[in-house]
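*Asks:* Quick one: structure below, then a few questions.
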Amino acid sequence: MEQWIQNYAPVGDSILLSALVAAIPLALLFYLLAVRRTPGHIAALTGTLTSLVLAIFVWGIPVEKGVSATLMGAAFGLFPIVWIIITAVWIYNMTVESGEFEIIRNSLAGLTNDRRLQAIFIAFAFGSFIEGTAGFGTPVAITAAMLVGLGFNPLYAAGICLIANTAPVAFGAIGVPITTAASVSGLDVNHISSIVGRQLPFLSIIVPFWVCCTMCGVKKTLEVLPAILVSGLCFAASQFVFSNFHGPYLPDIMSAIVTIIGLFILLRFWKPKNEWHFPDEKVSLEIKKYSSSQVLRAWSSYIFLAIMVFIWGLETFKGLGFVKAATFVFEWPWLHNLVAKAAPIVKETTPYGAKYTLNLLASGGTAILIAGLIASFCMPKYGLGKAIACFARTIKQLRFPILTIATILGLAYIMNYSGMSSTLGLAFTETGWWFPLFAPLIGWLGVFLTGSDTSSNALFCGLQRSTAEALGLDPNLTVAANSSGGVTGKMISPQSISVATAATNLIGKEGNLFRFTLKHSIAMTVVVCIITLLQAYWLKGMLPPYTP
């Protein structure tokens, strides 16, 4: 089959005009979600069909390649992403059905019944640990479900978990986004890790404050300032130290552990003067006492989950023979190496590979599945039969989010393989001297499109390096900024929003959640953009030494 070469300026040979046309599916998604508040699966289907039509009739990708790219994206959405979401929500559902979540709720209330502190502890600290070990939507699925189970307003539970899941994203899944950025750009992985570790701590230190302000405003937030300072400083300092002096693999995991320990110690000696709850919440002052063994048993589901996803993230585990034997790699039909990238995205025409990996044992979702199966035997009067029945009900519960995620990944892949995403990225390179200000926006756009900082780095880090070198800038800075900027796009990605609505039973309310997180995403992105611009010209001393 003949190879098709991407064209990045199909509309009047103008990159800017072509970018405006390429943005139509994204603008349509914004409109349907933010203005019309359309259910996520309908918005995603509309955007994907629009992208496919533009890819075929404007960018010129052959029909069979365009359809094939869309189907490959849908397949990636189903596995591993949907697989992770189903298993994560399934564990939560089992803990509720078995009555164990009531014990979890009371144990947290014994530590603190204040909603602000529970949000910091679960959404920020515990969520960061899960992000560091598993990534790919897992932390939001788990923490949002936990907060709803504790009595949080579902919209706020989903929204604050998405906001909290920003600072750790660049080092998620044991550093995969950073290693991907280094691989695609050809730059040193530890150098990129160091720069990201000199950008994101400025965001990390304010995220707990941001989360609380979103819930209750500045005045009520200041009442828990000691907890905010402890969590923000513990996380930011650990993130800087490990990213600069160890590498990209442990910053999230160690920062989360240090933060959890710091909060535990603080809450032993300090409590807020006034306990805060949502205005419309029915507050129960009764806290039942359970034995240590009952509390440990109730938390065992999440203890097993944390252990399993940590083991699954280790390269040693991934290299085991039986794990490799259950990994199947397919060359996707009518697509693999049949599309070619062209200059200026790459230096010379390069085949665009399309291999689909079905890693049945190595997937994070499988780790969660095994954790859930083990935990089901620890739940009183539960067992395997009820666990299987609960799994079937969970799939039915998530049918619309499953469709949304598969469809939105189809949109991302058709935009990637047709060259539409690259057209949008190239438009930002026309900014010249101002490019460092816009470099994080490219990463932000990539994560909005794909739902993944890893995918955004794979898509745009080559472009970031070539543009920076052409402008005489440090390419390590712009490549790092792609990842740092990408983390702020996570909360508005349709994929992430679908995960959050599925976990909080807000299916069909994706538009409301999108409106909730949009202003926060934009504000955080501006922070990263300004930091990158300052580091490019006036604060170069903040960066590790670089010799072209």
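By order of appearance in the structure tokens: chains A, B, ..., then residues from 1 within every chain, and ligands from 1 in the order shown.
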With only C-alpha atoms as the counted atoms, please give the residues lying no more than 10 Å from stretch 209-214 of chain A, apart from itself and same-chain residues fewer than 3 positions off, as an mmCIF file with C-alpha atoms, in the first residue's frame.

*Replies:*
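For reference, selection-v8.cif as written:
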```cif
data_model
loop_
_atom_site.group_PDB
_atom_site.id
_atom_site.type_symbol
_atom_site.label_atom_id
_atom_site.label_comp_id
_atom_site.auth_asym_id
_atom_site.auth_seq_id
_atom_site.Cartn_x
_atom_site.Cartn_y
_atom_site.Cartn_z
ATOM 1 C CA ARG A 115 -13.696 18.366 54.302
ATOM 2 C CA ARG A 116 -10.772 20.673 53.475
ATOM 3 C CA LEU A 117 -8.236 18.383 55.129
ATOM 4 C CA ALA A 119 -9.498 16.789 50.210
ATOM 5 C CA ILE A 120 -5.813 17.615 50.735
ATOM 6 C CA ALA A 123 -7.123 14.161 46.376
ATOM 7 C CA PHE A 124 -3.645 15.686 46.628
ATOM 8 C CA TYR A 156 -16.752 19.213 43.875
ATOM 9 C CA GLY A 159 -13.491 18.903 40.210
ATOM 10 C CA ILE A 160 -11.015 19.113 43.071
ATOM 11 C CA CYS A 161 -9.541 15.702 42.224
ATOM 12 C CA LEU A 162 -8.910 16.934 38.683
ATOM 13 C CA ILE A 163 -7.361 20.161 40.005
ATOM 14 C CA ALA A 164 -5.216 18.268 42.528
ATOM 15 C CA LEU A 203 2.736 24.987 41.116
ATOM 16 C CA SER A 204 2.895 22.136 43.625
ATOM 17 C CA ILE A 205 3.289 24.472 46.578
ATOM 18 C CA ILE A 206 0.044 26.311 45.781
ATOM 19 C CA GLY A 217 -13.054 30.535 49.532
ATOM 20 C CA VAL A 218 -9.971 32.306 50.863
ATOM 21 C CA LYS A 219 -11.230 33.098 54.381
ATOM 22 C CA LYS A 220 -12.117 29.498 55.244
ATOM 23 C CA THR A 221 -8.957 28.285 53.518
ATOM 24 C CA LEU A 222 -6.740 30.339 55.819
ATOM 25 C CA VAL A 224 -6.280 25.344 57.622
ATOM 26 C CA LEU A 225 -3.135 27.201 56.587
ATOM 27 C CA ALA A 227 -1.997 21.866 56.764
ATOM 28 C CA ILE A 228 -1.717 23.694 53.450
ATOM 29 C CA LEU A 229 1.847 24.798 54.198
ATOM 30 C CA SER A 231 1.445 19.550 52.369
ATOM 31 C CA GLY A 232 2.613 22.119 49.812
ATOM 32 C CA PHE A 516 -15.980 23.896 36.633
ATOM 33 C CA THR A 517 -12.346 23.114 35.757
ATOM 34 C CA HIS A 520 -8.537 26.705 36.841
ATOM 35 C CA MET A 524 -2.509 27.380 36.069
#
```

*Asks:* I want to know what sits within 7 Å of stretch 374-385 of chain A, based on only C-alpha atoms, with residues of the same chain fewer than 4 positions away left out; could you give that as a VMD selection string?

*Replies:* chain A and resid 98 297 300 to 301 370 389

*Asks:* Write the selection just made, keeping C-alpha atoms, as an mmCIF file, in the first residue's frame?

*Replies:*
```
data_model
loop_
_atom_site.group_PDB
_atom_site.id
_atom_site.type_symbol
_atom_site.label_atom_id
_atom_site.label_comp_id
_atom_site.auth_asym_id
_atom_site.auth_seq_id
_atom_site.Cartn_x
_atom_site.Cartn_y
_atom_site.Cartn_z
ATOM 1 C CA SER A 98 -19.401 -4.920 51.558
ATOM 2 C CA ARG A 297 -9.072 -4.828 56.868
ATOM 3 C CA SER A 300 -6.733 -3.446 52.690
ATOM 4 C CA SER A 301 -8.298 -2.888 49.257
ATOM 5 C CA ILE A 370 -5.568 -8.602 41.150
ATOM 6 C CA ALA A 389 -21.310 -9.717 39.978
#
```

*Asks:* Where does DSSP see alpha helix (DSSP H) in stretch 252-475 of chain A, if you list the residues as a compact mmCIF listing (two decimals) with N, CA and C atoms, in the first residue's frame?

*Replies:*
```txt
# COMPACT_ATOMS: atom_id res chain seq x y z
N ASP A 252 7.19 11.65 42.29
CA ASP A 252 5.80 11.60 42.76
C ASP A 252 5.64 10.69 43.96
N ILE A 253 6.20 9.49 43.86
CA ILE A 253 6.03 8.50 44.93
C ILE A 253 6.61 9.01 46.24
N MET A 254 7.83 9.52 46.20
CA MET A 254 8.48 9.98 47.42
C MET A 254 7.84 11.27 47.92
N SER A 255 7.46 12.17 47.02
CA SER A 255 6.80 13.41 47.45
C SER A 255 5.48 13.10 48.14
N ALA A 256 4.74 12.13 47.60
CA ALA A 256 3.46 11.76 48.20
C ALA A 256 3.66 11.14 49.59
N ILE A 257 4.63 10.26 49.69
CA ILE A 257 4.89 9.61 50.99
C ILE A 257 5.31 10.64 52.04
N VAL A 258 6.21 11.55 51.67
CA VAL A 258 6.65 12.59 52.60
C VAL A 258 5.47 13.47 53.01
N THR A 259 4.60 13.79 52.06
CA THR A 259 3.44 14.64 52.35
C THR A 259 2.45 13.94 53.28
N ILE A 260 2.18 12.66 53.02
CA ILE A 260 1.26 11.90 53.87
C ILE A 260 1.80 11.82 55.30
N ILE A 261 3.09 11.53 55.43
CA ILE A 261 3.71 11.46 56.77
C ILE A 261 3.63 12.83 57.46
N GLY A 262 3.94 13.89 56.71
CA GLY A 262 3.88 15.24 57.27
C GLY A 262 2.49 15.59 57.77
N LEU A 263 1.45 15.22 57.00
CA LEU A 263 0.08 15.51 57.41
C LEU A 263 -0.32 14.69 58.64
N PHE A 264 0.10 13.42 58.67
CA PHE A 264 -0.21 12.58 59.82
C PHE A 264 0.38 13.18 61.10
N ILE A 265 1.63 13.60 61.02
CA ILE A 265 2.29 14.18 62.20
C ILE A 265 1.59 15.48 62.62
N LEU A 266 1.28 16.32 61.64
CA LEU A 266 0.62 17.59 61.95
C LEU A 266 -0.72 17.37 62.64
N LEU A 267 -1.52 16.45 62.09
CA LEU A 267 -2.87 16.25 62.62
C LEU A 267 -2.88 15.55 63.98
N ARG A 268 -1.74 15.03 64.39
CA ARG A 268 -1.63 14.49 65.74
C ARG A 268 -1.58 15.60 66.78
N PHE A 269 -1.09 16.78 66.36
CA PHE A 269 -0.86 17.87 67.31
C PHE A 269 -1.71 19.11 67.03
N SER A 292 -8.51 -1.73 65.49
CA SER A 292 -7.41 -1.55 64.54
C SER A 292 -7.45 -2.59 63.43
N SER A 293 -7.82 -3.82 63.79
CA SER A 293 -7.88 -4.88 62.77
C SER A 293 -9.00 -4.62 61.77
N GLN A 294 -10.13 -4.08 62.22
CA GLN A 294 -11.23 -3.76 61.31
C GLN A 294 -10.84 -2.62 60.36
N VAL A 295 -10.17 -1.62 60.89
CA VAL A 295 -9.72 -0.50 60.05
C VAL A 295 -8.70 -0.97 59.02
N LEU A 296 -7.76 -1.79 59.46
CA LEU A 296 -6.75 -2.32 58.55
C LEU A 296 -7.39 -3.17 57.46
N ARG A 297 -8.37 -4.00 57.85
CA ARG A 297 -9.07 -4.83 56.87
C ARG A 297 -9.83 -3.97 55.85
N ALA A 298 -10.49 -2.91 56.33
CA ALA A 298 -11.25 -2.04 55.43
C ALA A 298 -10.34 -1.33 54.44
N TRP A 299 -9.17 -0.90 54.92
CA TRP A 299 -8.22 -0.20 54.04
C TRP A 299 -7.42 -1.17 53.16
N SER A 300 -7.57 -2.47 53.40
CA SER A 300 -6.73 -3.45 52.69
C SER A 300 -6.89 -3.36 51.18
N SER A 301 -8.09 -3.01 50.71
CA SER A 301 -8.30 -2.89 49.26
C SER A 301 -7.32 -1.89 48.66
N TYR A 302 -7.20 -0.73 49.32
CA TYR A 302 -6.34 0.32 48.79
C TYR A 302 -4.88 0.08 49.13
N ILE A 303 -4.63 -0.65 50.22
CA ILE A 303 -3.25 -1.04 50.51
C ILE A 303 -2.75 -2.02 49.46
N PHE A 304 -3.58 -3.03 49.14
CA PHE A 304 -3.23 -3.98 48.09
C PHE A 304 -3.05 -3.26 46.75
N LEU A 305 -3.96 -2.30 46.48
CA LEU A 305 -3.88 -1.54 45.22
C LEU A 305 -2.56 -0.80 45.13
N ALA A 306 -2.20 -0.09 46.20
CA ALA A 306 -0.96 0.69 46.18
C ALA A 306 0.25 -0.22 45.98
N ILE A 307 0.25 -1.37 46.67
CA ILE A 307 1.37 -2.30 46.54
C ILE A 307 1.46 -2.84 45.12
N MET A 308 0.31 -3.23 44.56
CA MET A 308 0.30 -3.84 43.23
C MET A 308 0.74 -2.86 42.14
N VAL A 309 0.19 -1.64 42.18
CA VAL A 309 0.55 -0.69 41.13
C VAL A 309 2.02 -0.28 41.26
N PHE A 310 2.54 -0.29 42.50
CA PHE A 310 3.97 0.01 42.67
C PHE A 310 4.82 -1.09 42.04
N ILE A 311 4.47 -2.35 42.33
CA ILE A 311 5.21 -3.47 41.74
C ILE A 311 5.11 -3.46 40.23
N TRP A 312 3.91 -3.19 39.73
CA TRP A 312 3.69 -3.20 38.27
C TRP A 312 4.49 -2.09 37.57
N GLY A 313 4.81 -1.04 38.31
CA GLY A 313 5.57 0.05 37.70
C GLY A 313 7.06 -0.20 37.62
N GLU A 315 10.56 -1.70 36.50
CA GLU A 315 11.10 -2.27 35.26
C GLU A 315 11.44 -3.74 35.45
N THR A 316 11.84 -4.12 36.65
CA THR A 316 12.17 -5.52 36.94
C THR A 316 10.96 -6.41 36.69
N PHE A 317 9.79 -5.96 37.16
CA PHE A 317 8.57 -6.74 36.96
C PHE A 317 8.21 -6.81 35.47
N LYS A 318 8.31 -5.68 34.79
CA LYS A 318 7.96 -5.65 33.37
C LYS A 318 8.86 -6.56 32.54
N GLY A 321 9.77 -12.94 32.45
CA GLY A 321 9.43 -13.74 31.28
C GLY A 321 7.94 -13.93 31.08
N PHE A 322 7.21 -14.28 32.14
CA PHE A 322 5.78 -14.54 31.97
C PHE A 322 4.99 -13.26 31.68
N VAL A 323 5.53 -12.12 32.13
CA VAL A 323 4.89 -10.84 31.82
C VAL A 323 5.09 -10.51 30.34
N LYS A 324 6.30 -10.69 29.87
CA LYS A 324 6.59 -10.46 28.45
C LYS A 324 5.79 -11.41 27.57
N ALA A 325 5.62 -12.66 28.02
CA ALA A 325 4.90 -13.66 27.22
C ALA A 325 3.45 -13.28 27.03
N GLY A 364 -1.63 -1.53 34.12
CA GLY A 364 -1.99 -1.09 35.46
C GLY A 364 -3.37 -1.59 35.87
N GLY A 365 -4.28 -1.72 34.91
CA GLY A 365 -5.61 -2.22 35.21
C GLY A 365 -5.58 -3.64 35.73
N THR A 366 -4.65 -4.44 35.22
CA THR A 366 -4.52 -5.82 35.70
C THR A 366 -4.01 -5.84 37.14
N ALA A 367 -3.10 -4.92 37.46
CA ALA A 367 -2.63 -4.81 38.84
C ALA A 367 -3.78 -4.50 39.78
N ILE A 368 -4.66 -3.59 39.36
CA ILE A 368 -5.81 -3.22 40.19
C ILE A 368 -6.79 -4.38 40.29
N LEU A 369 -6.97 -5.12 39.18
CA LEU A 369 -7.85 -6.28 39.18
C LEU A 369 -7.39 -7.32 40.21
N ILE A 370 -6.10 -7.62 40.21
CA ILE A 370 -5.57 -8.60 41.15
C ILE A 370 -5.72 -8.11 42.59
N ALA A 371 -5.46 -6.81 42.79
CA ALA A 371 -5.64 -6.24 44.13
C ALA A 371 -7.08 -6.39 44.58
N GLY A 372 -8.02 -6.16 43.69
CA GLY A 372 -9.44 -6.29 44.02
C GLY A 372 -9.84 -7.72 44.33
N LEU A 373 -9.31 -8.67 43.55
CA LEU A 373 -9.62 -10.08 43.80
C LEU A 373 -9.10 -10.52 45.16
N ILE A 374 -7.89 -10.11 45.49
CA ILE A 374 -7.32 -10.44 46.81
C ILE A 374 -8.17 -9.81 47.91
N ALA A 375 -8.52 -8.53 47.70
CA ALA A 375 -9.27 -7.81 48.72
C ALA A 375 -10.66 -8.41 48.93
N SER A 376 -11.27 -8.97 47.87
CA SER A 376 -12.62 -9.52 47.99
C SER A 376 -12.68 -10.66 49.00
N PHE A 377 -11.57 -11.37 49.16
CA PHE A 377 -11.54 -12.46 50.14
C PHE A 377 -11.35 -11.94 51.57
N CYS A 378 -10.90 -10.69 51.68
CA CYS A 378 -10.72 -10.10 53.01
C CYS A 378 -11.99 -9.43 53.51
N LEU A 384 -15.63 -14.17 46.03
CA LEU A 384 -15.41 -14.08 44.59
C LEU A 384 -16.71 -13.91 43.81
N GLY A 385 -17.75 -14.65 44.18
CA GLY A 385 -19.02 -14.57 43.44
C GLY A 385 -19.59 -13.18 43.44
N LYS A 386 -19.64 -12.55 44.60
CA LYS A 386 -20.16 -11.18 44.68
C LYS A 386 -19.23 -10.20 43.96
N ALA A 387 -17.93 -10.47 43.99
CA ALA A 387 -16.97 -9.59 43.30
C ALA A 387 -17.21 -9.61 41.80
N ILE A 388 -17.45 -10.79 41.25
CA ILE A 388 -17.70 -10.91 39.81
C ILE A 388 -19.01 -10.20 39.43
N ALA A 389 -20.03 -10.39 40.24
CA ALA A 389 -21.31 -9.72 39.98
C ALA A 389 -21.15 -8.20 40.04
N CYS A 390 -20.38 -7.74 40.99
CA CYS A 390 -20.11 -6.30 41.11
C CYS A 390 -19.35 -5.78 39.90
N PHE A 391 -18.43 -6.60 39.38
CA PHE A 391 -17.65 -6.20 38.20
C PHE A 391 -18.58 -5.99 37.00
N ALA A 392 -19.55 -6.90 36.83
CA ALA A 392 -20.51 -6.77 35.72
C ALA A 392 -21.34 -5.50 35.87
N ARG A 393 -21.79 -5.22 37.10
CA ARG A 393 -22.57 -4.00 37.32
C ARG A 393 -21.73 -2.74 37.07
N THR A 394 -20.45 -2.81 37.39
CA THR A 394 -19.56 -1.67 37.17
C THR A 394 -19.42 -1.36 35.68
N ILE A 395 -19.27 -2.41 34.87
CA ILE A 395 -19.18 -2.20 33.41
C ILE A 395 -20.45 -1.53 32.89
N LYS A 396 -21.61 -1.99 33.36
CA LYS A 396 -22.88 -1.37 32.94
C LYS A 396 -22.94 0.08 33.38
N GLN A 397 -22.50 0.35 34.59
CA GLN A 397 -22.49 1.71 35.13
C GLN A 397 -21.63 2.64 34.28
N ARG A 399 -20.89 2.43 30.98
CA ARG A 399 -21.03 2.24 29.53
C ARG A 399 -20.86 3.54 28.75
N PHE A 400 -21.40 4.65 29.25
CA PHE A 400 -21.27 5.91 28.52
C PHE A 400 -19.85 6.49 28.62
N PRO A 401 -19.23 6.49 29.79
CA PRO A 401 -17.82 6.91 29.85
C PRO A 401 -16.91 6.06 28.96
N ILE A 402 -17.19 4.76 28.87
CA ILE A 402 -16.39 3.90 28.00
C ILE A 402 -16.48 4.38 26.56
N LEU A 403 -17.70 4.69 26.12
CA LEU A 403 -17.90 5.20 24.76
C LEU A 403 -17.20 6.54 24.58
N THR A 404 -17.31 7.41 25.59
CA THR A 404 -16.68 8.74 25.49
C THR A 404 -15.17 8.62 25.35
N ILE A 405 -14.55 7.81 26.18
CA ILE A 405 -13.08 7.70 26.17
C ILE A 405 -12.59 7.08 24.87
N ALA A 406 -13.25 6.02 24.42
CA ALA A 406 -12.86 5.39 23.16
C ALA A 406 -12.97 6.38 22.01
N THR A 407 -14.04 7.16 22.01
CA THR A 407 -14.27 8.11 20.92
C THR A 407 -13.27 9.26 20.96
N ILE A 408 -13.00 9.79 22.16
CA ILE A 408 -12.10 10.94 22.25
C ILE A 408 -10.67 10.55 21.89
N LEU A 409 -10.29 9.30 22.19
CA LEU A 409 -8.96 8.84 21.75
C LEU A 409 -8.94 8.64 20.25
N GLY A 410 -10.07 8.28 19.67
CA GLY A 410 -10.16 8.22 18.21
C GLY A 410 -9.93 9.59 17.59
N LEU A 411 -10.48 10.62 18.22
CA LEU A 411 -10.26 12.01 17.76
C LEU A 411 -8.78 12.36 17.82
N ALA A 412 -8.14 12.02 18.94
CA ALA A 412 -6.73 12.35 19.11
C ALA A 412 -5.88 11.68 18.04
N TYR A 413 -6.16 10.41 17.77
CA TYR A 413 -5.33 9.67 16.82
C TYR A 413 -5.53 10.15 15.39
N ILE A 414 -6.75 10.46 15.00
CA ILE A 414 -6.95 10.94 13.63
C ILE A 414 -6.31 12.31 13.44
N MET A 415 -6.33 13.13 14.50
CA MET A 415 -5.66 14.43 14.39
C MET A 415 -4.14 14.26 14.32
N ASN A 416 -3.62 13.27 15.03
CA ASN A 416 -2.17 13.02 14.99
C ASN A 416 -1.73 12.49 13.64
N TYR A 417 -2.40 11.45 13.14
CA TYR A 417 -1.95 10.79 11.92
C TYR A 417 -2.27 11.59 10.66
N SER A 418 -3.27 12.44 10.72
CA SER A 418 -3.56 13.29 9.55
C SER A 418 -2.63 14.49 9.49
N MET A 420 -3.09 17.12 11.61
CA MET A 420 -3.82 18.28 12.13
C MET A 420 -3.21 18.78 13.45
N SER A 421 -2.82 17.86 14.32
CA SER A 421 -2.20 18.26 15.59
C SER A 421 -0.90 19.00 15.35
N SER A 422 -0.10 18.53 14.41
CA SER A 422 1.17 19.17 14.09
C SER A 422 0.94 20.55 13.50
N THR A 423 -0.13 20.70 12.73
CA THR A 423 -0.47 22.01 12.18
C THR A 423 -0.72 23.01 13.31
N LEU A 424 -1.45 22.58 14.32
CA LEU A 424 -1.71 23.45 15.47
C LEU A 424 -0.42 23.79 16.20
N GLY A 425 0.45 22.79 16.38
CA GLY A 425 1.72 23.03 17.05
C GLY A 425 2.61 23.99 16.28
N LEU A 426 2.66 23.81 14.96
CA LEU A 426 3.50 24.68 14.11
C LEU A 426 3.03 26.13 14.15
N ALA A 427 1.73 26.32 14.32
CA ALA A 427 1.22 27.69 14.37
C ALA A 427 1.82 28.45 15.55
N PHE A 428 2.05 27.76 16.67
CA PHE A 428 2.65 28.41 17.84
C PHE A 428 4.10 28.79 17.58
N PHE A 435 8.18 32.60 21.82
CA PHE A 435 7.90 31.16 21.81
C PHE A 435 7.96 30.52 23.20
N PRO A 436 8.91 30.89 24.09
CA PRO A 436 8.90 30.27 25.43
C PRO A 436 7.59 30.48 26.19
N LEU A 437 6.92 31.60 25.91
CA LEU A 437 5.63 31.84 26.56
C LEU A 437 4.57 30.85 26.08
N PHE A 438 4.70 30.44 24.80
CA PHE A 438 3.69 29.57 24.20
C PHE A 438 4.08 28.09 24.24
N ALA A 439 5.34 27.78 24.55
CA ALA A 439 5.77 26.38 24.57
C ALA A 439 4.90 25.53 25.52
N PRO A 440 4.59 26.00 26.75
CA PRO A 440 3.70 25.20 27.61
C PRO A 440 2.30 25.02 27.02
N LEU A 441 1.85 26.01 26.23
CA LEU A 441 0.52 25.90 25.64
C LEU A 441 0.44 24.74 24.65
N ILE A 442 1.56 24.46 23.99
CA ILE A 442 1.59 23.32 23.06
C ILE A 442 1.38 22.03 23.84
N GLY A 443 2.07 21.90 24.98
CA GLY A 443 1.87 20.73 25.83
C GLY A 443 0.45 20.66 26.37
N TRP A 444 -0.09 21.81 26.76
CA TRP A 444 -1.47 21.90 27.25
C TRP A 444 -2.44 21.41 26.19
N LEU A 445 -2.23 21.86 24.96
CA LEU A 445 -3.08 21.44 23.84
C LEU A 445 -2.97 19.93 23.61
N GLY A 446 -1.73 19.42 23.69
CA GLY A 446 -1.52 17.99 23.46
C GLY A 446 -2.24 17.14 24.49
N VAL A 447 -2.22 17.57 25.75
CA VAL A 447 -2.90 16.80 26.80
C VAL A 447 -4.41 16.93 26.66
N PHE A 448 -4.89 18.10 26.28
CA PHE A 448 -6.32 18.24 26.03
C PHE A 448 -6.77 17.27 24.93
N LEU A 449 -5.95 17.13 23.90
CA LEU A 449 -6.28 16.25 22.79
C LEU A 449 -6.24 14.78 23.19
N THR A 450 -5.21 14.39 23.93
CA THR A 450 -4.95 12.96 24.15
C THR A 450 -5.29 12.49 25.57
N ASP A 453 -0.10 13.26 29.39
CA ASP A 453 1.14 14.03 29.26
C ASP A 453 2.18 13.25 28.47
N THR A 454 2.16 11.93 28.62
CA THR A 454 3.07 11.08 27.85
C THR A 454 2.80 11.21 26.36
N SER A 455 1.53 11.13 25.98
CA SER A 455 1.17 11.24 24.56
C SER A 455 1.46 12.62 24.01
N SER A 456 1.23 13.65 24.82
CA SER A 456 1.53 15.01 24.39
C SER A 456 3.02 15.18 24.14
N ASN A 457 3.85 14.61 25.02
CA ASN A 457 5.30 14.70 24.83
C ASN A 457 5.74 13.93 23.60
N ALA A 458 5.13 12.78 23.37
CA ALA A 458 5.46 12.01 22.17
C ALA A 458 5.09 12.77 20.91
N LEU A 459 4.03 13.54 20.98
CA LEU A 459 3.54 14.27 19.83
C LEU A 459 4.35 15.52 19.52
N PHE A 460 4.74 16.27 20.56
CA PHE A 460 5.25 17.62 20.31
C PHE A 460 6.70 17.89 20.75
N CYS A 461 7.36 16.97 21.46
CA CYS A 461 8.69 17.31 21.99
C CYS A 461 9.75 17.42 20.90
N GLY A 462 9.61 16.69 19.81
CA GLY A 462 10.52 16.87 18.68
C GLY A 462 10.39 18.27 18.10
N LEU A 463 9.16 18.73 17.94
CA LEU A 463 8.88 20.08 17.46
C LEU A 463 9.44 21.12 18.44
N GLN A 464 9.28 20.89 19.73
CA GLN A 464 9.78 21.84 20.74
C GLN A 464 11.29 22.00 20.61
N ARG A 465 12.01 20.91 20.42
CA ARG A 465 13.46 21.00 20.33
C ARG A 465 13.89 21.74 19.06
N SER A 466 13.33 21.37 17.92
CA SER A 466 13.76 21.97 16.65
C SER A 466 13.45 23.46 16.62
N THR A 467 12.31 23.86 17.16
CA THR A 467 11.94 25.27 17.18
C THR A 467 12.87 26.06 18.10
N ALA A 468 13.16 25.53 19.28
CA ALA A 468 14.05 26.21 20.23
C ALA A 468 15.44 26.39 19.63
N GLU A 469 15.97 25.35 18.99
CA GLU A 469 17.30 25.45 18.39
C GLU A 469 17.32 26.47 17.26
N ALA A 470 16.24 26.55 16.48
CA ALA A 470 16.17 27.54 15.40
C ALA A 470 16.14 28.97 15.95
N LEU A 471 15.59 29.14 17.15
CA LEU A 471 15.48 30.47 17.77
C LEU A 471 16.64 30.77 18.72
N PRO A 475 16.89 24.09 24.16
CA PRO A 475 15.82 23.15 23.82
C PRO A 475 15.33 22.34 25.01
```

*Asks:* When you count only C-alpha atoms, which of these residues is closest to A:Gly451: A:Gly99, A:Pro279, A:Gly186, A:Gly77?

*Replies:*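 Between A:Gly99, A:Pro279, A:Gly186, A:Gly77, the residue approaching A:Gly451 most closely is A:Gly77.
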
*Asks:* Can you measure atom CA of A:Ala362 to atom CA of A:Ile91 for me? One decimal in Å is fine.

*Replies:*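 According to the coordinates, atom CA of A:Ala362 and atom CA of A:Ile91 are separated by 18.8 Å.
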
*Asks:* Mind checking which residues fall within 10 Å of A:Leu398, counting only C-alpha atoms, ignoring those fewer than 6 positions away in the same chain, and posting them as a VMD selection string?

*Replies:* chain A and resid 82 85 to 86 89 404 498 to 499 501 to 503 505 507

*Asks:* I'd like the interatomic distance between atom CA of A:Leu533 and atom CA of A:Gly175, to a tenth of an Å.

*Replies:* 24.5 Å

*Asks:* From the options A:Gly486, A:Gly151, A:Gly40, A:Gly432, which residue's atoms come nearest to A:Leu200, counting only C-alpha atoms?

*Replies:*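 Among A:Gly486, A:Gly151, A:Gly40, A:Gly432, it is A:Gly486 that comes nearest to A:Leu200.
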
*Asks:* Report as a PyMOL selection string all protein, DNA and RNA residues lying within 12 Å of stretch 56-62 of chain A, evaluated on only C-alpha atoms, omitting residues in the same chain fewer than 3 positions from it.

*Replies:* chain A and resi 1-13+18-19+21-22+49-53+65-70+334-335+338-340+414-423

*Asks:* Pick from A:Val96, A:Thr504, A:Leu543, A:Pro494: nearest to A:Leu32, with only C-alpha atoms counted?

*Replies:*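 The closest residue to A:Leu32 is A:Pro494.
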
*Asks:* Tell me which of A:Leu45, A:Ala157, A:Ile492, A:Leu54 sits closest to A:Leu20, counting only C-alpha atoms.

*Replies:*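 Going through A:Leu45, A:Ala157, A:Ile492, A:Leu54 one by one, the smallest distance to A:Leu20 is for A:Leu54.
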